[in-house]
Protein chains: 2
Amino acid sequence: MAFLTHLECAKCGKTYDPNLIHNLCECGGPLLVRYDLKAAAAAVSPARLAGRPANLWRYREVLPVQNEANIVTLGEGMTPLLPLPRLGSAMGLPGLLLKDEGVNPTGTFKARGAATGISRAKELGIRAVAMPTNGNAGGAWASYGARAGIEVTLVMPVDAPAMSVLEATAVGARAYMVRGQITDAGAIVAKSAKAHGWFEAATLKEPYRIEGKKTMGYEIAEQMGWTLPDVILYPTGGGVGIIGIYKAILEMREMGWLPDSVKMPRLVAVQAEGCQPIVKAFNEGKDVSEKWENAETVAQGIRVPKALGDFLVLQAVRATGGTCVAVPDADTLWGLEQISRLEGAFICPEGASLVGAARNLLRDGWLQPDEKVLLLNTGAGIKYPDILRPELPVLEIGAAI
Amino acid sequence: MAFLTHLECAKCGKTYDPNLIHNLCECGGPLLVRYDLKAAAAAVSPARLAGRPANLWRYREVLPVQNEANIVTLGEGMTPLLPLPRLGSAMGLPGLLLKDEGVNPTGTFKARGAATGISRAKELGIRAVAMPTNGNAGGAWASYGARAGIEVTLVMPVDAPAMSVLEATAVGARAYMVRGQITDAGAIVAKSAKAHGWFEAATLKEPYRIEGKKTMGYEIAEQMGWTLPDVILYPTGGGVGIIGIYKAILEMREMGWLPDSVKMPRLVAVQAEGCQPIVKAFNEGKDVSEKWENAETVAQGIRVPKALGDFLVLQAVRATGGTCVAVPDADTLWGLEQISRLEGAFICPEGASLVGAARNLLRDGWLQPDEKVLLLNTGAGIKYPDILRPELPVLEIGAAI
């Protein structure tokens, strides 16, 4: 498991020793993890992966943990890749697919980033981490921190989903709310971390969570028999997932795990109409986004007014011939109803926004009916108990229906 | 996939044609599914399973679906088997293991039974099913029913967990509550099913859900390299999981998948102090249980006053040298806190009752410190948002901690 070579700034290219603790590059850019991919490819082949356990550590040669004893796992990864025949045929996209990240420990894809992030924190001797979160990342980092015996401090917006608060406190994290947004939470963490000796683990301020997220790309390829879909739709807040999937595909190409005949999927960053800084930057031809004011959407996980990795999302989208689109909340709720009722997949609103986005992109001719379109659902609907308010008829004992 | 031979009454041994729709045997006994295990063993070996997808359909030769096209799946099964080093060492049971069924579609092990039950319903041409439920089974059957296009009607106690109500209605099930317990719900379903043409899918009144549940046993063996733990603790309501795991171990032995040197684990049925009909029957040396009056426990999923399969649970426990124990709610909540804080595993109260049970069994000398003890956690803690009531400090924008 020793193919990790260095950290590299995604902005200026400066390199860093991976055996030391780092946040951002001197220039303010996020650090990406680099490997000796030639050696990794020589150590393991796709065929040899088959017998490995069904979690993301099956890709250990391209993961940053050096010593297996430092792996902190709750069994994350190798989530289902499902065809959506009933929804797809109703929408006119028979090749529609769902990668369902709700089937992860803590119910979201955040488990992946927390697993690799906490594992590396353990390996580097970090005893306490702190981060801002819209909720799900906090629940995940709190859980993996508890398993590792690493102290976790969270700051989240007052309207963060109650389930994440529940989860984080259940596992013993120190958690605070802020009357503001995730960027305000981030400012509090940044201000407080040094005084308390906490390692700042905010999105892309620590280099390793993206390595966990990228395994979604490896899994999609493996589950599709080392091919890829034509298009991947991803609900974009901080954007780590889409950056990670793109990184994974480039790595797999370099290792020869994907035949040259396999085309790069067009990557689509989906945001909410009420918080679409990256869509705006994309449409204006800009390389970075501006902070979105008064951000508001039912899909709380993608309510990120300004993402540190915005430029990497835009690079990935443009390099793959993809696009960035915003979805009104009404379309997200429509998508949630469609995929729940037709496929029994009660997913999170972030994931449901992709259903609306796919419909709109097909209507506009950007998607073709015969394309394989993958929706990357980031979490389970049950993490959002407030999204629906069912009221059931109540019967008395001995009644009949 | 055609090794299914017949259905057999677990009470009187009478056999039935598996190509017809059946509920119970004429004698009132539940029907178990039987296979040509010799032929199944010739068709696939444990080594050949390794490359198959990470879900329960990897064991398709010992599952009842005849035609692959009838499989209704959301990716259930192949859940994590985790060591619990920190909790185990705190408890004096270093070999403690967790099979975490919370990492399933719909967040509980009920997904397994719903997957095989709904798949067979589809295969047999059933268009509508109805069932009583304490909640989680309802959420699962509603979801798989939606994916299959099969209509699902549910009746659940008024105090069923809100998350299951949410889940069931999100996917479009017809759901009712009853001012009573699951047995009262069952009576309403039984009374109403014929009039509406619904197939009654109550626990063990339909033969196929147990086949999905039994795959937990296959997975434990495969994940432990075709060995087994010394003891398995299982939270027992209807008891289908423990019956299924026992059935699986017998099948694996018959197929030669487990070497003779692998001992049968002692199976432990854990119930709640406030609803312990099977524990009482066990202690009194009886073969069946009596209905438990005024059942009440924080672990709602095991609040089953009278289980149709009680005699099968008692048989499995006695045949394996196991035992039946009741856990006070206080020990369950203690167990929840311990496993959450020490392992980051925020599990459901039913699963948490096993932590209390293990502590008590070790204290009483029934468990030995060097034994491999597996806790079968049936679901995720996030399905029970009311179990904890966290209140967090609220900061203002610009604050420091």
# chains A, B, ... in the order shown; residues from 1 in each chain; ligands from 1
call {"tool": "interface_residues", "arguments": {"of": "chain A", "to": "chain B", "cutoff": "7 Å", "atoms": "only C-alpha atoms", "output": "mmCIF file with C-alpha atoms, in the first residue's frame"}}
result
data_model
loop_
_atom_site.group_PDB
_atom_site.id
_atom_site.type_symbol
_atom_site.label_atom_id
_atom_site.label_comp_id
_atom_site.auth_asym_id
_atom_site.auth_seq_id
_atom_site.Cartn_x
_atom_site.Cartn_y
_atom_site.Cartn_z
ATOM 1 C CA ALA A 50 -12.725 -9.316 -7.804
ATOM 2 C CA GLY A 51 -12.155 -11.353 -4.674
ATOM 3 C CA ALA A 54 -16.942 -5.110 -0.889
ATOM 4 C CA LEU A 74 -17.336 1.079 8.925
ATOM 5 C CA GLY A 75 -17.668 -0.829 5.652
ATOM 6 C CA PRO A 80 -25.252 -0.437 -5.521
ATOM 7 C CA LEU A 82 -28.885 0.117 -10.244
ATOM 8 C CA VAL A 103 -26.394 2.574 1.143
ATOM 9 C CA ASN A 104 -23.316 3.629 3.096
ATOM 10 C CA PRO A 105 -22.576 3.861 6.809
ATOM 11 C CA SER A 143 -18.697 8.589 13.414
ATOM 12 C CA TYR A 144 -15.316 7.708 11.936
ATOM 13 C CA ALA A 146 -15.354 8.034 17.279
ATOM 14 C CA ARG A 147 -14.215 4.723 15.822
ATOM 15 C CA MET A 163 -30.586 13.734 11.565
ATOM 16 C CA LEU A 166 -28.598 13.413 16.065
ATOM 17 C CA GLU A 167 -25.923 11.240 14.523
ATOM 18 C CA THR A 169 -24.084 13.832 19.089
ATOM 19 C CA ALA A 170 -24.915 10.122 19.390
ATOM 20 C CA VAL A 171 -21.326 9.250 18.614
ATOM 21 C CA GLY A 172 -20.006 11.890 21.001
ATOM 22 C CA ALA A 175 -21.102 20.139 17.964
ATOM 23 C CA TYR A 176 -22.223 23.752 17.601
ATOM 24 C CA MET A 177 -24.721 25.543 15.418
ATOM 25 C CA VAL A 178 -24.294 28.981 13.869
ATOM 26 C CA ARG A 179 -26.981 31.448 12.848
ATOM 27 C CA GLY A 180 -25.587 31.571 9.326
ATOM 28 C CA ASP A 184 -19.962 31.306 8.364
ATOM 29 C CA ALA A 187 -14.979 31.076 9.492
ATOM 30 C CA ILE A 188 -15.661 30.055 13.091
ATOM 31 C CA LYS A 191 -10.741 31.197 13.850
ATOM 32 C CA SER A 192 -10.912 28.602 16.641
ATOM 33 C CA SER A 340 -39.490 7.033 -5.115
ATOM 34 C CA ARG A 341 -42.767 5.860 -6.594
ATOM 35 C CA LEU A 342 -41.459 4.261 -9.766
ATOM 36 C CA GLU A 343 -38.269 2.680 -8.428
ATOM 37 C CA GLY A 344 -38.774 2.425 -4.673
ATOM 38 C CA ALA A 345 -35.639 4.507 -4.242
ATOM 39 C CA PHE A 346 -36.363 7.070 -1.540
ATOM 40 C CA ILE A 382 -34.444 8.987 5.495
ATOM 41 C CA PRO A 385 -37.392 13.337 7.688
ATOM 42 C CA LEU A 388 -42.497 15.002 3.581
ATOM 43 C CA PRO A 390 -47.373 12.105 5.814
ATOM 44 C CA LEU A 392 -52.166 8.284 7.833
ATOM 45 C CA PRO A 393 -55.713 7.163 8.564
ATOM 46 C CA VAL A 394 -55.974 5.626 12.054
ATOM 47 C CA LEU A 395 -58.015 2.457 12.587
ATOM 48 C CA GLU A 396 -59.362 0.938 15.801
ATOM 49 C CA ILE A 397 -58.580 -2.608 16.959
ATOM 50 C CA GLY A 398 -60.748 -5.106 15.119
ATOM 51 C CA ALA A 399 -61.425 -2.815 12.151
ATOM 52 C CA ALA A 400 -61.389 -3.895 8.510
ATOM 53 C CA ILE A 401 -60.143 -1.900 5.533
#
call {"tool": "residues_around", "arguments": {"residues": "Gly321 in chain A", "least_positions_apart": "3", "cutoff": "10 Å", "atoms": "only C-alpha atoms", "output": "list in words"}}
result
Val231, Met264, Pro265, Arg266, Leu267, Val268, Ala316, Val317 and Arg318 of chain A
call {"tool": "select_by_dssp", "arguments": {"residues": "range 60-232 of chain B", "states": "helix (DSSP H, G or I)", "output": "MDAnalysis selection string"}}
result
chainID B and resid 60:62 68:70 85:91 105:107 110:123 136:148 162:170 182:196 209:223
call {"tool": "residues_around", "arguments": {"residues": "Gly197 in chain B", "least_positions_apart": "6", "cutoff": "10 Å", "atoms": "only C-alpha atoms", "output": "ChimeraX atom specification"}}
result
/B:126-130
call {"tool": "write_last_selection", "arguments": {"atoms": "C-alpha atoms", "output": "CSV table (one decimal), in the first residue's frame"}}
result
chain,number,residue,atom,x,y,z
B,126,ILE,CA,-49.1,-11.4,-7.5
B,127,ARG,CA,-50.2,-7.8,-8.1
B,128,ALA,CA,-50.9,-6.6,-4.6
B,129,VAL,CA,-49.7,-7.5,-1.1
B,130,ALA,CA,-50.7,-6.5,2.4
call {"tool": "select_by_dssp", "arguments": {"residues": "range 277-337 of chain B", "states": "strand (DSSP E)", "output": "ChimeraX atom specification"}}
result
/B:323-327
call {"tool": "write_last_selection", "arguments": {"atoms": "N, CA and C atoms", "output": "short mmCIF file (atom, residue, chain, number, x, y, z; two decimals), in the first residue's frame"}}
result
data_model
loop_
_atom_site.label_atom_id
_atom_site.label_comp_id
_atom_site.auth_asym_id
_atom_site.auth_seq_id
_atom_site.Cartn_x
_atom_site.Cartn_y
_atom_site.Cartn_z
N THR B 323 -29.15 -19.76 23.98
CA THR B 323 -30.02 -19.37 25.07
C THR B 323 -30.92 -18.22 24.63
N CYS B 324 -31.87 -17.87 25.49
CA CYS B 324 -32.76 -16.74 25.25
C CYS B 324 -32.66 -15.81 26.45
N VAL B 325 -32.43 -14.53 26.19
CA VAL B 325 -32.30 -13.59 27.31
C VAL B 325 -33.09 -12.31 27.03
N ALA B 326 -33.55 -11.70 28.12
CA ALA B 326 -34.27 -10.44 28.02
C ALA B 326 -33.39 -9.31 28.54
N VAL B 327 -33.49 -8.16 27.90
CA VAL B 327 -32.66 -7.00 28.24
C VAL B 327 -33.56 -5.83 28.66
#
call {"tool": "atom_distance", "arguments": {"atom1": "CA of Arg253 in chain A", "atom2": "CA of Thr227 in chain A"}}
result
11.2 Å
call {"tool": "residues_around", "arguments": {"residues": "Pro94 in chain A", "least_positions_apart": "2", "cutoff": "10 Å", "atoms": "only C-alpha atoms", "output": "ChimeraX atom specification"}}
result
/A:83-92,96-97,369-373
call {"tool": "write_last_selection", "arguments": {"atoms": "C-alpha atoms", "output": "JSON list (two decimals), in the first residue's frame"}}
result
[["chain", "number", "residue", "atom", "x", "y", "z"],
["A", 83, "PRO", "CA", -30.71, 0.33, -13.55],
["A", 84, "LEU", "CA", -33.82, 2.50, -13.36],
["A", 85, "PRO", "CA", -36.02, 0.85, -15.98],
["A", 86, "ARG", "CA", -39.38, 2.21, -14.88],
["A", 87, "LEU", "CA", -38.26, 5.80, -14.33],
["A", 88, "GLY", "CA", -36.04, 5.71, -17.39],
["A", 89, "SER", "CA", -38.81, 4.54, -19.64],
["A", 90, "ALA", "CA", -41.24, 7.10, -18.20],
["A", 91, "MET", "CA", -38.68, 9.84, -18.88],
["A", 92, "GLY", "CA", -37.58, 8.62, -22.31],
["A", 96, "LEU", "CA", -30.84, 5.63, -16.85],
["A", 97, "LEU", "CA", -28.67, 4.39, -13.95],
["A", 369, "PRO", "CA", -32.50, 9.19, -25.50],
["A", 370, "ASP", "CA", -30.09, 6.33, -26.18],
["A", 371, "GLU", "CA", -27.37, 7.53, -23.81],
["A", 372, "LYS", "CA", -26.32, 5.82, -20.61],
["A", 373, "VAL", "CA", -26.94, 8.51, -18.02]]
call {"tool": "atom_distance", "arguments": {"atom1": "CA of Val44 in chain A", "atom2": "CA of Thr108 in chain A"}}
result
28.5 Å
call {"tool": "residues_around", "arguments": {"residues": "range 32-35 of chain A", "least_positions_apart": "2", "cutoff": "7 Å", "atoms": "only C-alpha atoms", "output": "PyMOL selection string"}}
result
chain A and resi 3-10+30+37+62+207
call {"tool": "residues_around", "arguments": {"residues": "Leu354 in chain B", "least_positions_apart": "2", "cutoff": "12 Å", "atoms": "only C-alpha atoms", "output": "count of residues only"}}
result
50
call {"tool": "atom_distance", "arguments": {"atom1": "CA of Arg303 in chain B", "atom2": "CA of Thr215 in chain B"}}
result
23.6 Å
